[in-house]
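Q: target.csv (CSV, C-alpha atoms and all ligand atoms) pasted underneath:
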```csv
chain,number,residue,atom,x,y,z
A,1,MET,CA,0.0,0.0,0.0
A,2,PRO,CA,1.4,3.5,-0.8
A,3,LYS,CA,2.4,5.5,2.2
A,4,ILE,CA,0.1,8.4,3.3
A,5,LYS,CA,1.9,11.2,5.2
A,6,ILE,CA,-0.1,13.4,7.5
A,7,ALA,CA,1.4,16.4,9.1
A,8,VAL,CA,0.0,17.0,12.6
A,9,LEU,CA,0.5,20.5,14.0
A,10,GLY,CA,0.0,20.8,17.7
A,11,THR,CA,-0.8,24.2,19.4
A,12,GLY,CA,-2.2,23.1,22.8
A,13,GLY,CA,-5.8,23.4,24.1
A,14,THR,CA,-7.9,21.0,26.1
A,15,ILE,CA,-7.0,18.2,23.8
A,16,ALA,CA,-3.6,18.5,25.4
A,17,GLY,CA,-5.0,19.2,28.9
A,18,GLU,CA,-4.5,17.5,32.2
A,19,ALA,CA,-6.5,17.4,35.4
A,20,ASN,CA,-5.6,16.1,38.8
A,21,SER,CA,-8.5,13.6,38.7
A,22,ALA,CA,-9.9,11.5,35.9
A,23,ALA,CA,-13.3,12.6,37.1
A,24,ASP,CA,-12.6,16.3,36.7
A,25,VAL,CA,-13.7,17.5,33.3
A,26,LEU,CA,-13.9,21.3,34.1
A,27,ASN,CA,-11.0,22.2,36.4
A,28,TYR,CA,-7.8,21.4,34.4
A,29,GLN,CA,-4.8,22.9,32.8
A,30,ASP,CA,-4.9,23.1,29.0
A,31,SER,CA,-1.9,22.8,26.8
A,32,GLN,CA,0.2,20.4,28.9
A,33,LEU,CA,0.8,17.3,26.7
A,34,SER,CA,2.8,17.4,23.5
A,35,ALA,CA,1.1,16.7,20.2
A,36,ALA,CA,3.1,13.5,20.1
A,37,ASP,CA,1.7,12.5,23.5
A,38,THR,CA,-1.9,13.2,22.4
A,39,LEU,CA,-1.3,11.0,19.4
A,40,ALA,CA,0.1,8.0,21.4
A,41,PRO,CA,-3.2,6.4,22.4
A,42,LEU,CA,-4.6,6.3,18.8
A,43,ARG,CA,-1.4,5.2,16.9
A,44,PRO,CA,-2.4,1.4,17.2
A,45,TYR,CA,-5.6,2.1,15.4
A,46,LEU,CA,-4.1,3.9,12.4
A,47,PRO,CA,-3.6,1.9,9.2
A,48,GLY,CA,0.0,0.8,8.8
A,49,ASN,CA,0.5,3.0,5.7
A,50,VAL,CA,-0.3,6.2,7.6
A,51,GLU,CA,2.9,8.0,8.6
A,52,LEU,CA,2.6,11.0,11.0
A,53,LEU,CA,4.9,14.0,10.9
A,54,VAL,CA,4.4,15.8,14.2
A,55,VAL,CA,5.2,19.5,14.6
A,56,GLN,CA,4.8,21.2,17.9
A,57,ILE,CA,3.9,24.8,17.1
A,58,SER,CA,3.0,26.1,20.5
A,59,GLN,CA,1.4,25.2,23.9
A,60,LEU,CA,-1.3,28.0,24.0
A,61,GLY,CA,-4.9,28.1,25.0
A,62,SER,CA,-6.8,29.3,21.9
A,63,GLU,CA,-8.3,32.3,23.8
A,64,ASN,CA,-4.8,33.6,23.5
A,65,PHE,CA,-4.6,33.3,19.7
A,66,SER,CA,-4.4,36.4,17.6
A,67,THR,CA,-4.3,37.3,14.0
A,68,ASP,CA,-0.5,36.8,14.2
A,69,THR,CA,-1.1,33.3,15.4
A,70,TRP,CA,-3.3,32.6,12.3
A,71,LEU,CA,-0.6,34.0,10.0
A,72,GLY,CA,2.0,31.8,11.7
A,73,LEU,CA,-0.1,28.7,11.2
A,74,ALA,CA,-0.8,29.5,7.5
A,75,ASP,CA,3.0,30.0,7.1
A,76,ALA,CA,3.8,26.7,8.9
A,77,ILE,CA,1.3,24.8,6.6
A,78,THR,CA,2.8,26.4,3.5
A,79,ARG,CA,6.3,25.6,4.5
A,80,LEU,CA,5.5,22.0,5.4
A,81,GLU,CA,3.7,21.7,2.0
A,82,GLU,CA,6.9,22.9,0.3
A,83,THR,CA,9.4,20.9,2.3
A,84,GLU,CA,7.6,17.7,3.3
A,85,ALA,CA,4.7,17.5,0.8
A,86,PRO,CA,2.4,15.6,3.2
A,87,ASP,CA,-0.9,14.2,1.9
A,88,GLY,CA,-3.0,16.0,4.5
A,89,PHE,CA,-2.8,18.2,7.5
A,90,VAL,CA,-4.3,18.0,11.0
A,91,LEU,CA,-4.2,21.0,13.4
A,92,THR,CA,-4.9,20.4,17.0
A,93,GLN,CA,-6.0,23.4,19.0
A,94,GLY,CA,-8.2,24.7,21.8
A,95,THR,CA,-11.9,24.8,21.0
A,96,ASP,CA,-12.6,28.4,22.1
A,97,THR,CA,-11.5,30.0,18.9
A,98,LEU,CA,-11.1,26.9,16.8
A,99,GLU,CA,-13.8,28.1,14.3
A,100,GLU,CA,-11.9,31.3,13.7
A,101,THR,CA,-8.6,29.6,12.9
A,102,ALA,CA,-10.4,27.1,10.7
A,103,TYR,CA,-12.2,29.8,8.7
A,104,PHE,CA,-9.1,31.9,8.3
A,105,LEU,CA,-7.1,28.9,7.0
A,106,HIS,CA,-10.1,28.0,4.7
A,107,LEU,CA,-9.8,31.4,3.1
A,108,ALA,CA,-6.1,31.9,3.2
A,109,ILE,CA,-4.1,28.7,2.5
A,110,LYS,CA,-3.5,27.5,-1.0
A,111,THR,CA,-3.7,23.7,-1.1
A,112,PRO,CA,-6.2,21.2,-2.4
A,113,LYS,CA,-5.1,18.8,0.3
A,114,PRO,CA,-7.3,18.1,3.3
A,115,VAL,CA,-6.8,20.3,6.3
A,116,VAL,CA,-8.6,19.2,9.5
A,117,VAL,CA,-8.8,21.3,12.6
A,118,VAL,CA,-9.6,19.4,15.8
A,119,GLY,CA,-9.9,19.9,19.5
A,120,ALA,CA,-11.5,18.4,22.5
A,121,MET,CA,-14.0,19.5,25.2
A,122,ARG,CA,-12.5,17.2,27.9
A,123,PRO,CA,-8.9,17.1,29.0
A,124,ALA,CA,-6.8,14.1,27.9
A,125,THR,CA,-6.9,12.7,31.5
A,126,ALA,CA,-10.7,12.5,31.8
A,127,LEU,CA,-12.8,9.4,31.9
A,128,SER,CA,-14.4,9.4,28.5
A,129,ALA,CA,-12.0,12.0,27.1
A,130,ASP,CA,-13.2,13.0,23.6
A,131,GLY,CA,-9.7,14.1,22.3
A,132,PRO,CA,-8.3,10.7,21.3
A,133,LEU,CA,-11.3,9.7,19.1
A,134,ASN,CA,-11.6,13.2,17.6
A,135,LEU,CA,-7.9,13.1,16.8
A,136,LEU,CA,-8.1,9.6,15.3
A,137,ARG,CA,-11.0,10.8,13.1
A,138,ALA,CA,-9.2,13.9,12.1
A,139,VAL,CA,-6.2,11.9,10.9
A,140,GLN,CA,-8.5,9.4,9.1
A,141,LEU,CA,-10.3,12.3,7.4
A,142,ALA,CA,-7.0,14.0,6.4
A,143,ALA,CA,-5.8,10.8,5.0
A,144,SER,CA,-8.9,10.3,2.8
A,145,PRO,CA,-8.9,11.1,-0.9
A,146,LEU,CA,-12.6,12.0,-0.4
A,147,ALA,CA,-11.6,15.0,1.6
A,148,ARG,CA,-9.4,16.5,-1.1
A,149,GLY,CA,-10.6,19.9,-2.4
A,150,LEU,CA,-13.0,20.4,0.4
A,151,GLY,CA,-11.0,23.1,2.1
A,152,VAL,CA,-10.6,23.2,5.9
A,153,MET,CA,-12.8,21.0,7.9
A,154,VAL,CA,-13.5,20.5,11.6
A,155,VAL,CA,-14.1,17.0,13.1
A,156,ALA,CA,-15.9,16.8,16.4
A,157,ASN,CA,-18.0,14.0,18.0
A,158,GLU,CA,-18.0,11.9,14.7
A,159,ARG,CA,-19.3,14.7,12.5
A,160,ILE,CA,-17.4,16.6,9.8
A,161,PHE,CA,-18.1,20.3,9.4
A,162,SER,CA,-17.0,22.9,6.9
A,163,ALA,CA,-14.9,25.7,8.4
A,164,ARG,CA,-17.2,28.5,7.2
A,165,GLU,CA,-20.2,27.2,9.0
A,166,VAL,CA,-19.0,25.5,12.1
A,167,THR,CA,-19.3,27.1,15.5
A,168,LYS,CA,-18.8,26.2,19.1
A,169,SER,CA,-22.2,26.3,20.8
A,170,HIS,CA,-21.8,24.9,24.3
A,171,THR,CA,-19.4,25.7,27.1
A,172,SER,CA,-18.7,22.1,28.1
A,173,SER,CA,-20.6,19.5,26.3
A,174,ILE,CA,-18.7,17.1,24.0
A,175,ASP,CA,-21.5,17.8,21.4
A,176,SER,CA,-20.5,21.5,21.3
A,177,PHE,CA,-19.7,21.8,17.6
A,178,GLY,CA,-22.4,22.3,15.1
A,179,SER,CA,-23.4,24.3,12.0
A,180,PRO,CA,-26.8,26.0,12.7
A,181,GLU,CA,-29.1,25.8,9.7
A,182,PHE,CA,-26.6,24.1,7.4
A,183,GLY,CA,-25.7,21.0,9.4
A,184,CYS,CA,-22.6,18.9,9.0
A,185,VAL,CA,-21.0,18.0,5.6
A,186,GLY,CA,-20.8,14.4,6.7
A,187,TYR,CA,-19.9,11.8,9.3
A,188,MET,CA,-17.0,9.7,10.3
A,189,GLN,CA,-18.7,6.4,10.4
A,190,ASN,CA,-16.4,4.3,12.5
A,191,GLY,CA,-13.5,5.9,10.8
A,192,GLU,CA,-15.1,5.8,7.3
A,193,VAL,CA,-15.7,9.2,5.6
A,194,LYS,CA,-19.3,9.6,4.7
A,195,LEU,CA,-19.9,12.9,2.9
A,196,HIS,CA,-23.4,14.3,2.4
A,197,ARG,CA,-22.8,17.7,0.9
A,198,MET,CA,-20.1,20.0,-0.3
A,199,PRO,CA,-18.9,23.3,1.4
A,200,SER,CA,-21.2,26.0,0.2
A,201,ARG,CA,-18.7,28.8,-0.7
A,202,HIS,CA,-15.4,29.3,-2.4
A,203,HIS,CA,-12.2,28.6,-0.4
A,204,THR,CA,-8.5,27.8,-0.5
A,205,MET,CA,-7.5,27.5,-4.2
A,206,ASP,CA,-10.5,29.5,-5.3
A,207,SER,CA,-10.0,32.4,-2.8
A,208,PRO,CA,-8.4,35.6,-3.8
A,209,PHE,CA,-6.8,36.1,-0.4
A,210,ASN,CA,-3.1,35.4,-0.1
A,211,VAL,CA,-1.2,36.0,3.1
A,212,ALA,CA,2.2,34.9,1.9
A,213,GLY,CA,4.7,37.4,3.1
A,214,LEU,CA,2.2,39.3,5.3
A,215,HIS,CA,3.5,40.1,8.8
A,216,SER,CA,0.2,41.4,10.1
A,217,LEU,CA,-3.5,41.7,9.3
A,218,PRO,CA,-5.6,44.9,9.3
A,219,LYS,CA,-7.0,45.4,12.8
A,220,VAL,CA,-10.7,44.6,12.9
A,221,ASP,CA,-12.9,44.9,16.0
A,222,ILE,CA,-16.3,43.7,17.0
A,223,VAL,CA,-18.9,46.0,18.5
A,224,TYR,CA,-21.6,44.2,20.5
A,225,ALA,CA,-25.1,45.6,20.4
A,226,TYR,CA,-27.4,45.5,23.4
A,227,ALA,CA,-30.3,47.6,24.8
A,228,GLY,CA,-28.9,51.0,25.8
A,229,ALA,CA,-25.4,50.4,24.3
A,230,GLY,CA,-23.4,53.6,23.9
A,231,CYS,CA,-20.8,54.4,21.2
A,232,GLU,CA,-17.7,54.3,23.5
A,233,SER,CA,-16.5,51.0,22.1
A,234,ILE,CA,-16.7,52.3,18.5
A,235,ARG,CA,-14.8,55.5,19.4
A,236,ALA,CA,-12.2,53.5,21.4
A,237,PHE,CA,-11.6,51.0,18.6
A,238,LEU,CA,-11.2,53.8,16.1
A,239,SER,CA,-8.8,55.7,18.3
A,240,HIS,CA,-6.8,52.4,18.7
A,241,GLY,CA,-6.3,52.0,14.9
A,242,ALA,CA,-9.3,49.8,13.8
A,243,ARG,CA,-9.3,49.5,10.1
A,244,GLY,CA,-12.7,47.8,10.0
A,245,LEU,CA,-15.6,47.2,12.4
A,246,VAL,CA,-18.0,44.3,12.6
A,247,HIS,CA,-21.3,45.1,14.2
A,248,ALA,CA,-22.7,42.2,16.3
A,249,GLY,CA,-26.2,43.6,15.9
A,250,THR,CA,-29.5,42.7,17.4
A,251,GLY,CA,-32.0,40.8,15.2
A,252,ASN,CA,-31.3,41.2,11.5
A,253,GLY,CA,-28.1,43.3,12.2
A,254,SER,CA,-30.0,46.4,13.4
A,255,ILE,CA,-28.0,49.4,14.3
A,256,SER,CA,-29.3,51.8,17.0
A,257,SER,CA,-29.4,55.5,16.3
A,258,VAL,CA,-26.5,56.0,18.8
A,259,HIS,CA,-24.3,53.5,17.1
A,260,ARG,CA,-25.4,54.8,13.7
A,261,ALA,CA,-23.9,58.2,14.4
A,262,ALA,CA,-20.5,56.7,15.4
A,263,TYR,CA,-20.5,54.3,12.4
A,264,ARG,CA,-21.2,57.2,10.1
A,265,GLU,CA,-18.0,58.8,11.4
A,266,ALA,CA,-16.1,55.6,10.9
A,267,ILE,CA,-17.3,55.2,7.3
A,268,LEU,CA,-16.4,58.8,6.5
A,269,ARG,CA,-12.9,58.0,7.8
A,270,GLY,CA,-12.6,55.1,5.4
A,271,VAL,CA,-13.3,52.4,8.1
A,272,PRO,CA,-15.7,49.9,6.6
A,273,VAL,CA,-18.6,48.6,8.8
A,274,VAL,CA,-20.0,45.1,8.4
A,275,ARG,CA,-23.4,44.3,9.9
A,276,SER,CA,-23.8,40.8,11.4
A,277,SER,CA,-26.2,39.4,14.0
A,278,ARG,CA,-25.8,38.3,17.6
A,279,THR,CA,-28.7,35.9,17.2
A,280,GLY,CA,-26.6,32.9,16.2
A,281,SER,CA,-28.3,32.0,13.0
A,282,GLY,CA,-29.9,33.5,9.9
A,283,LEU,CA,-28.9,35.8,7.1
A,284,VAL,CA,-28.2,39.5,7.6
A,285,SER,CA,-29.9,40.7,4.5
A,286,ARG,CA,-28.5,43.7,2.6
A,287,ASN,CA,-30.8,46.7,2.8
A,288,GLY,CA,-33.0,44.8,5.3
A,289,ALA,CA,-32.9,46.2,8.8
A,290,MET,CA,-30.7,49.0,7.4
A,291,ASN,CA,-30.3,50.7,4.0
A,292,ASP,CA,-26.8,49.6,3.3
A,293,ASP,CA,-26.7,51.3,-0.1
A,294,ALA,CA,-27.4,54.7,1.5
A,295,PHE,CA,-25.4,54.2,4.7
A,296,GLY,CA,-22.3,52.5,3.1
A,297,SER,CA,-22.4,49.4,5.2
A,298,VAL,CA,-21.9,45.8,4.3
A,299,GLY,CA,-24.2,42.8,5.1
A,300,ALA,CA,-22.4,39.8,6.7
A,301,ASP,CA,-24.6,37.2,5.0
A,302,THR,CA,-24.8,34.2,7.3
A,303,LEU,CA,-21.4,34.8,9.0
A,304,SER,CA,-21.4,35.2,12.8
A,305,PRO,CA,-19.6,38.3,14.1
A,306,GLN,CA,-16.4,36.4,14.8
A,307,LYS,CA,-16.4,34.8,11.3
A,308,ALA,CA,-17.3,38.1,9.7
A,309,ARG,CA,-14.2,39.6,11.4
A,310,VAL,CA,-12.0,36.9,9.9
A,311,LEU,CA,-13.3,37.6,6.4
A,312,LEU,CA,-13.1,41.4,6.9
A,313,CYS,CA,-9.4,41.1,8.1
A,314,LEU,CA,-8.6,39.3,4.9
A,315,ALA,CA,-10.8,41.3,2.5
A,316,LEU,CA,-9.2,44.6,3.8
A,317,THR,CA,-5.8,43.3,2.5
A,318,LEU,CA,-7.3,43.8,-0.9
A,319,THR,CA,-9.9,46.7,-0.7
A,320,GLN,CA,-11.7,49.1,1.5
A,321,ASP,CA,-14.5,49.6,-1.0
A,322,ALA,CA,-17.9,48.7,0.5
A,323,VAL,CA,-19.3,47.4,-2.8
A,324,GLN,CA,-16.3,45.1,-3.4
A,325,LEU,CA,-16.4,44.0,0.3
A,326,GLN,CA,-20.1,43.1,-0.1
A,327,CYS,CA,-19.0,40.9,-3.1
A,328,TYR,CA,-16.6,39.1,-0.8
A,329,PHE,CA,-19.3,38.6,1.8
A,330,ASP,CA,-21.7,37.3,-0.8
A,331,ASN,CA,-19.2,34.7,-2.1
A,332,TYR,CA,-17.0,33.6,0.7
A,401,LIG,N1,-9.7,27.7,26.7
A,401,LIG,C1,-8.9,26.7,26.1
A,401,LIG,C2,-8.6,26.8,24.7
A,401,LIG,O1,-9.4,27.3,23.8
A,401,LIG,C3,-9.5,25.3,26.4
A,401,LIG,C4,-10.8,25.1,25.6
A,401,LIG,C5,-10.7,23.9,24.8
A,401,LIG,O2,-9.7,23.5,24.2
A,401,LIG,O3,-11.7,23.2,24.7
A,401,LIG,O4,-7.5,26.4,24.3
```
For the structure just supplied, provide its representation as structure tokens.
Ligand code: GLU

A:
Amino acid sequence: MPKIKIAVLGTGGTIAGEANSAADVLNYQDSQLSAADTLAPLRPYLPGNVELLVVQISQLGSENFSTDTWLGLADAITRLEETEAPDGFVLTQGTDTLEETAYFLHLAIKTPKPVVVVGAMRPATALSADGPLNLLRAVQLAASPLARGLGVMVVANERIFSAREVTKSHTSSIDSFGSPEFGCVGYMQNGEVKLHRMPSRHHTMDSPFNVAGLHSLPKVDIVYAYAGAGCESIRAFLSHGARGLVHAGTGNGSISSVHRAAYREAILRGVPVVRSSRTGSGLVSRNGAMNDDAFGSVGADTLSPQKARVLLCLALTLTQDAVQLQCYFDNY
């Protein structure tokens, strides 16, 4: 059988976490075990032709990730692609911001090979730890020719999700990952890849975003809307150099009259404003709750505020024009 080489990049998180007791699933230290250690329990269950190339990138909880971390990961994948030419990639990380890393890589890296981002909700020391099985499934998916060309995927609790749509939806349950409204793209049926649909939007090879050689991304901040919110956050973000703002709006991305005045200033200063929703599902329709044509804002389509921020960071490397930005939000 031909060898299949999978590069496993470890960054820390609960999947590499340790607690004092096997019964403790909440009070633990994340990012303790090496990626090689987290792979040890599942090695006996990998087919003999699968060879793992393990790269320890960091030991960092993903709440500490930044846009620089994403650039570093994209660079690491690109360099491994050039030097080792693996057949697929697995990235292990904390679940807190896993969906943001996955969507960033989905838009930014240029490979048709499978890239699977995986984490765990319980530390490696727990009774019924979910990490080993999630990681086994991630390697199996990355090794599958069926996963080629699908962009970046997330595997959790035996389901396969596309990076654009997946979100963490529970603080502690092992069934935390889901894709509201769209569902999973398939299942890992006892290790066998069962696909049911394709990712809905362009990605990787078909994306115009290229981060090669970039040392930073434009600063984009998220403004959370709530009853009685003032515009202090908008003013603070602008004065700290925000190049774009994502509005986590109520309902269909509504903007209060207080926020509207501050956003007007931002747009006049050339800082684009993208309207998303804090509701957790649904499409923020252009010219719906707000006349975007007149105001100069952009609708986030179905992207959550944190995913809209990822796309806006990348889109701002190419344009600040609201019409062109809307095109990106309609297609990516
Ligand atoms: N907060 C940690 C992180 O995101 C642990 C969460 C997890 O991995 O599930 O890395």

Q: Show me, as a list in words, the residues that have an atom within 10 Å of Asp75 (chain A) when counting all atoms listed in the file, minus same-chain residues fewer than 5 positions from it.

A: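 These residues fall inside the cut-off: Thr69, Trp70, Leu80, Glu81, Ile109, Val211, Ala212, Gly213 and Leu214 of chain A.
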
Q: What residues have any atom no more than 6 Å from ligand LIG 401 (chain A) when counting only C-alpha atoms and all ligand atoms, and can you list them as an MDAnalysis selection string?

A: chainID A and resid 13:15 30 61:63 94:97 119:121

Q: Separation of CA of Leu141 (chain A) and CA of Val310 (chain A), in Å?

A: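 Calculated distance between CA of Leu141 (chain A) and CA of Val310 (chain A) is 24.8 Å.
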
Q: Given the choices A:Gly88, A:Gly270, A:Gly183, A:Gly288, which gets closest to Ile255 (chain A) if the distance is worked out from all atoms listed in the file?

A: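 Smallest separation from Ile255 (chain A) among the options: A:Gly288.
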
Q: Tell me which residues come within 8 Å of (-3.9, 28.4, -1.6), as a count of residues only, counting all atoms listed in the file in the file's coordinates.

A: 10

Q: Identify which of the residues A:Ala143, A:Ala294, A:Val273, A:Arg278 lies closest to Leu325 (chain A), counting all atoms listed in the file when measuring atom-to-atom distances.

A: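 Of all the options, A:Val273 lies closest to Leu325 (chain A).
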
Q: Tell me which of A:Leu195, A:Met153, A:Ala138, A:Ala289 sits closest to Leu107 (chain A), counting all atoms listed in the file.

A: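 Looking only at the distances to Leu107 (chain A), the closest residue turns out to be A:Met153.
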